[in-house]
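Right, one structure below, let's go through it.
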Amino acid sequence: MKMNYFVVGTNDMRASKAFYDGLFAKAGLQTMSPSDRMTYWLGEDFAFAIAKPFNEAPATNGNGTMVGFSVGAKEDVERMHGLALELGGICEGAPGQRGPKFSAYVRDLDGNKLCLSD
């Protein structure tokens, strides 16, 4: 079994799309917006999306919910963490060795927590 896709909610589609477009700029992903409430970034064995909630209630982040991205080597973790901060993200843990993984943590513009690891 493998993960099919992951979606995080947003209250500002334009700002959230700009954040993830910038964060994923060098990942070789294709972007697809099937509607004005959802945008996907797609690659081989990769599907991630942002969406305005279907029920039209405000998007909120889940306490304890986190999306993990394997981004490459230690240098890639450091670069993408810095890039996320430049794009307006908030640091939730500077790059460093944590157990067997070198990782860093950020929150996106809607407060969704992301892990960037080697």
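Residue names in the structure tokens use chain letters A, B, ... in the order shown, residue numbers from 1 in each chain, and ligand numbers from 1 in the order shown.
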### Task
Do a neighbour search on stretch 50-55 of chain A at 8 Å with only C-alpha atoms, toss out local chain neighbours closer than 3 positions, and write the hits as an MDAnalysis selection string.
chainID A and resid 7:13 16:17 37:40 58:59
Residues near A:Glu44, cut-off 10 Å, only C-alpha atoms, skip fewer than 3 positions along chain, as a PDB file with all heavy atoms, in the first residue's frame:
ATOM      1  N   GLY A  28      10.029  19.652 -10.116  1.00  0.00           N
ATOM      2  CA  GLY A  28       9.579  19.042 -11.362  1.00  0.00           C
ATOM      3  C   GLY A  28       8.142  18.546 -11.321  1.00  0.00           C
ATOM      4  O   GLY A  28       7.797  17.592 -12.010  1.00  0.00           O
ATOM      5  N   LEU A  29       7.303  19.191 -10.519  1.00  0.00           N
ATOM      6  CA  LEU A  29       5.910  18.778 -10.400  1.00  0.00           C
ATOM      7  C   LEU A  29       5.033  19.565 -11.360  1.00  0.00           C
ATOM      8  O   LEU A  29       5.338  20.705 -11.697  1.00  0.00           O
ATOM      9  CB  LEU A  29       5.417  19.004  -8.968  1.00  0.00           C
ATOM     10  CG  LEU A  29       6.193  18.286  -7.872  1.00  0.00           C
ATOM     11  CD1 LEU A  29       5.712  18.743  -6.502  1.00  0.00           C
ATOM     12  CD2 LEU A  29       6.064  16.779  -8.021  1.00  0.00           C
ATOM     13  N   GLN A  30       3.937  18.950 -11.781  1.00  0.00           N
ATOM     14  CA  GLN A  30       2.951  19.657 -12.591  1.00  0.00           C
ATOM     15  C   GLN A  30       1.855  20.185 -11.673  1.00  0.00           C
ATOM     16  O   GLN A  30       1.512  19.551 -10.685  1.00  0.00           O
ATOM     17  CB  GLN A  30       2.352  18.719 -13.628  1.00  0.00           C
ATOM     18  CG  GLN A  30       3.352  18.291 -14.671  1.00  0.00           C
ATOM     19  CD  GLN A  30       2.693  17.497 -15.784  1.00  0.00           C
ATOM     20  OE1 GLN A  30       1.483  17.321 -15.822  1.00  0.00           O
ATOM     21  NE2 GLN A  30       3.495  17.024 -16.706  1.00  0.00           N
ATOM     22  N   ALA A  47       1.284  13.241  -4.998  1.00  0.00           N
ATOM     23  CA  ALA A  47       0.105  14.082  -5.220  1.00  0.00           C
ATOM     24  C   ALA A  47      -0.183  14.828  -3.918  1.00  0.00           C
ATOM     25  O   ALA A  47      -0.400  14.233  -2.872  1.00  0.00           O
ATOM     26  CB  ALA A  47      -1.101  13.250  -5.630  1.00  0.00           C
TER      27      ALA A  47
END
### Query
Pick the closest to A:Thr60 from A:Lys26, A:Lys113, A:Lys101, A:Lys2: which is it, counting only C-alpha atoms?
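Looking only at the distances to A:Thr60, the closest residue turns out to be A:Lys113.
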### Message
Going by DSSP on the backbone, which residues of chain A come out as alpha helix (DSSP H)? List them as a list in words.
### Response
Met13, Arg14, Ala15, Ser16, Lys17, Ala18, Phe19, Tyr20, Asp21, Gly22, Leu23, Lys74, Glu75, Asp76, Val77, Glu78, Arg79, Met80, His81, Gly82, Leu83, Ala84, Leu85 and Glu86 of chain A
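Excluding A:Ser103 itself and any same-chain residue fewer than 4 positions from it, the protein and nucleic acid residues within 10 Å of it, counting only C-alpha atoms, are A:Gly68, A:Phe69, A:Ser70, A:Val71, A:Ala73, A:Lys74, A:Asp76, A:Val77, A:Glu78, A:His81, A:Gly93, A:Ala94, A:Pro95, A:Gly96, A:Gln97, A:Arg98, A:Gly99, A:Cys115, A:Leu116, A:Ser117, A:Asp118.
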### Query
What gap, in Å, lies between atom CA of A:Ala18 and atom CA of A:Gly88?
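Going from atom CA of A:Ala18 over to atom CA of A:Gly88, I get 10.2 Å.
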### Residue among A:Ala49, A:Ala104, A:Ala15, A:Leu42 lying closest to A:Arg79, counting only C-alpha atoms
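Closest to A:Arg79 of all the choices is A:Ala104.
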## Note on the structure
The residue from A:Leu87, A:Arg14, A:Trp41, A:Phe48 with the smallest atom-to-atom distance to A:Val67, counting only C-alpha atoms, is A:Phe48
### Message
Measuring between only C-alpha atoms, which one of A:Phe6, A:Phe19, A:Phe24, A:Phe102 shows the shortest distance to A:Glu75?
### Response
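So, comparing all the options, the nearest one is A:Phe102.
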